[in-house]
Number of protein chains: 2
Amino acid sequence: MENYKKMVANLQEVDDIIKAVQVLQWDRETNMPRAGSIERTHQVSTLRKIAHEKGTSAEFTDTLGAAAQDVADLDADSDEVRLVALIQRLHGRQSKLTTEIVQRLAQAEGAATSAWIKARADNDFESFRPYLETNVELARETAELYGYENELYDALLRGYEYGISAAEVRTIFDAVKAEIVPLLQAIIEKGRPIDDSVLYQPFAVEKQEQFAREMATAVGYDFSRGHLGEVVHPFMTNFSQNDVRITTRWYPEFLSSGLFSVLHEAGHALYEQGTHPNFSRTPLASGTSLGIHESQSRSIENLVGRSRPFWERHYPQLQATFPDQLGSTSVDDFYRAINKVQPSFIRVEADELTYNFHIILRFELEQALLSGDLAVKNLPAAWAEKMQSLVGVTPDTDSNGCLQDVHWTRPSAFGYFPTYALGGYYGAQFMEAMTEQDPTIADQLSTGDPSGMVNWLRENIHTPGSKFPPGELVIRATGRPLSHEPFVRYAKKKFGAIYEL
Amino acid sequence: MENYKKMVANLQEVDDIIKAVQVLQWDRETNMPRAGSIERTHQVSTLRKIAHEKGTSAEFTDTLGAAAQDVADLDADSDEVRLVALIQRLHGRQSKLTTEIVQRLAQAEGAATSAWIKARADNDFESFRPYLETNVELARETAELYGYENELYDALLRGYEYGISAAEVRTIFDAVKAEIVPLLQAIIEKGRPIDDSVLYQPFAVEKQEQFAREMATAVGYDFSRGHLGEVVHPFMTNFSQNDVRITTRWYPEFLSSGLFSVLHEAGHALYEQGTHPNFSRTPLASGTSLGIHESQSRSIENLVGRSRPFWERHYPQLQATFPDQLGSTSVDDFYRAINKVQPSFIRVEADELTYNFHIILRFELEQALLSGDLAVKNLPAAWAEKMQSLVGVTPDTDSNGCLQDVHWTRPSAFGYFPTYALGGYYGAQFMEAMTEQDPTIADQLSTGDPSGMVNWLRENIHTPGSKFPPGELVIRATGRPLSHEPFVRYAKKKFGAIYEL
């Protein structure tokens, strides 16, 4: 196993470098003065270049080949065989990129990020346009380098959700649309209206934070291996299994945003805190795909955090925290308020139903940008039009429209968006499977206690890390391939009840 | 200039990696959950190894040689010639270390840091002892690799204060002792006593922070290229000239510590914010030695921050911030309180006079540890004895004795301590020189306005960065080599007046 060990040692070094990059990125969002941006971009760019060189060098390529020989006789499901297979896949992909383009990607990202922050603040799409044009061009260029059989978009999607094609995503999205559009229509036309004004009152930020920390702990986030920071755009990041950080933003006069983004990021964090300790410093020690990752965050945020039993359990504590604001609101009214369905501009604030259309919009626009059917300069108009037809509203500004997401500042992030919606479908499928497999999980959930659910997720989803590709993982865990049906069943049942349809 | 450019490109990459390490270290002290320590040590160790490889590779050695040819005909004071000379010096030193020992140093530091944090909290020297033994051994080993003519200590000191020997330091320290011991004696025996209890009252931390931020701004620290964080052990660090961070710790019932450590670190930060922008991402863009660095921090903290005119200017604002605590205390009494001379256990809280003896103690103990005259296991006793004979007090615990400083967690930090005291002497010498050269500086200072002084420092000390070694810099700036005499003159005058001797 000499070569296998040598391969692991190399992977560990590359992992150290990538984790350092993640620290640099986390720091950029949380603490860095804006003036430090140019040098930070150089630092990230240099480290990425080195990681790429180490991960694709001729020497490593030889080592990897020899390591595959080393493990040839081991069990096909052993960690060793699976690690080699994963590395062969990642290495094959990485090797398609030159060091030169890796650096160009990092530089473009750094420049676009600074431009985007300013453009969004100033509602000035034109100032961001040249950067986005560069990024679209770079995304196209990398997709061509990666190669694809049918659609260019597949080459990018594959980096985030291995094993699923753009055509398959389209099929799922069409099916979801066919079911959710009538549901939405029914809610708007026949549903009992929801007043969520109770969520829009002064809520002292320190108290919000204290309560959110307790809820994150309640769903299983381990603060002794974590950290909660404040940012403009919440995210989770990890520098090892023992340092998994969540971030949020607080609104002093709106309760839901801070609280539910903490639960959302805590869901991501459970995954990274829960991978097998033996996988430390290798690519096995991380979520296997963005879709599976998002299933964890959306499950904790929505299936737990926006469930009625969870609030039956925790609402008295929330009322005690904010007696003036919530003292005279019933748990039922609170539960309905946090689940209000309302077409709106901002993806990350969207309800569970309209969220799907925010994603479908981005999926379609990305394809149009990459194919050239849509010129970047026409993006604001196309965005507005699609928002109207899909979600039913037209954004008031580009900042609340096509400038709202950070993703397009990264040329490598094209192909990322669909995984957000897939996460919702994976999550509902996991939930159906676990409650079928173990009825006590459902019993516990009905008292607002997610511990059985989290244990199931830990065993079936978290512990394996990246050992199994997403398609295989979902079959291992649930017995069937990904389907949108559990989500549709869940959505109809939950929102049918809330809106008394 | 092809080779020179190639050399610079390599230096920039190495600088990116070193700055990334500094971010990782900053984050370790400010935000990292303790559980993340092991992987963080791996990350730092891997990056240091890569930086070392890139800085000492055969290819870079050739490039450096060729770059020296490129610049052979340029002016001896040009940036290019000076950069090549600096790199030749650093490269010569770095090349003495193998990559293997660089990694062992990083691993030993990571392990010792965690052990020290615990040992200090538990007042348990024995648990730290084996790590310190390893570090002493490693310091000795690296000193032997570096090589030296006279004393082993020279090899280590040279890394922090190029151009000065342990013997020269000893001569300076003896001269300081000969002058400051009688001054101290006179203060204790004949001085008008100072009551500093006004500093020990409840001071709300947010207000302390707000005021300290304003004082840091008043001495020239640029927050748009900075950041103030909270740590156990204050320090300054920088990731570029545009991201220079200071840290402090706040005591809710003691005013001086937070305030003066902010001014101290702001002094360091002025230096790093003030290097020439052209030097960005090269070793020219940083302080030329630790002694010169400390001259900047001690000048801002003491020559400005503990001066009477500074408080005549700012004390009304401080009183307005804390009316209940300071409303009935005169500026004179406040000025005397913050300058109280009092033998005590903790170096970083020591007054300007006894501080010297804290350093002399460490300088002597380091030499004894390295020579083997003092076994690590006997360090606590030796520390206590020397504190009594030099400072006049015996520490109550090891946590307040030989465990108080972070330095010995780093095998590479032996040789560092003397520079703290030298900084005080450099600083006083700069002050004498600048007020001789430009009387308006003294006039401004007499109104509590340090802007002329900071301009002089920027021009003579900060802008050149590491272009000139410390010995040359001090002659260029003041016309003479380092002397302890200006410091002694300053100390006698200031404390003679305060204590009415």
# chains A, B, ... in the order shown; residues from 1 in each chain; ligands from 1
call {"tool": "closest_atom_pairs", "arguments": {"of": "chain B", "to": "chain A", "cutoff": "6 Å", "atoms": "only C-alpha atoms", "output": "CSV"}}
result
residue,atom,partner,partner_atom,distance
B:Asp16,CA,A:Gln43,CA,4.5
B:Pro33,CA,A:Arg225,CA,5.8
B:Ala35,CA,A:Asn242,CA,5.5
B:Gly36,CA,A:Asn242,CA,4.8
B:Gln43,CA,A:Asp16,CA,4.5
B:Arg225,CA,A:Ala35,CA,5.6
B:Asn242,CA,A:Gly36,CA,4.8
B:Asp243,CA,A:Gly36,CA,4.9
call {"tool": "residues_around", "arguments": {"residues": "A:Phe363", "least_positions_apart": "4", "cutoff": "10 Å", "atoms": "only C-alpha atoms", "output": "PyMOL selection string"}}
result
chain A and resi 153+166+169-170+173+357-359+367-368+414-419
call {"tool": "closest_residue", "arguments": {"among": "A:Val176, A:Leu199, A:Val406, A:Ala442", "to": "A:Glu29", "atoms": "only C-alpha atoms"}}
result
A:Val406
call {"tool": "select_by_dssp", "arguments": {"residues": "stretch 281-449 of chain A", "states": "alpha helix (DSSP H)", "output": "ChimeraX atom specification"}}
result
/A:290-298,308-321,323-326,331-337,355-371,379-390,418-437,439-445
call {"tool": "residues_around", "arguments": {"residues": "stretch 67-81 of chain B", "least_positions_apart": "2", "cutoff": "8 Å", "atoms": "only C-alpha atoms", "output": "ChimeraX atom specification"}}
result
/B:1-5,7,63-65,83-85,467
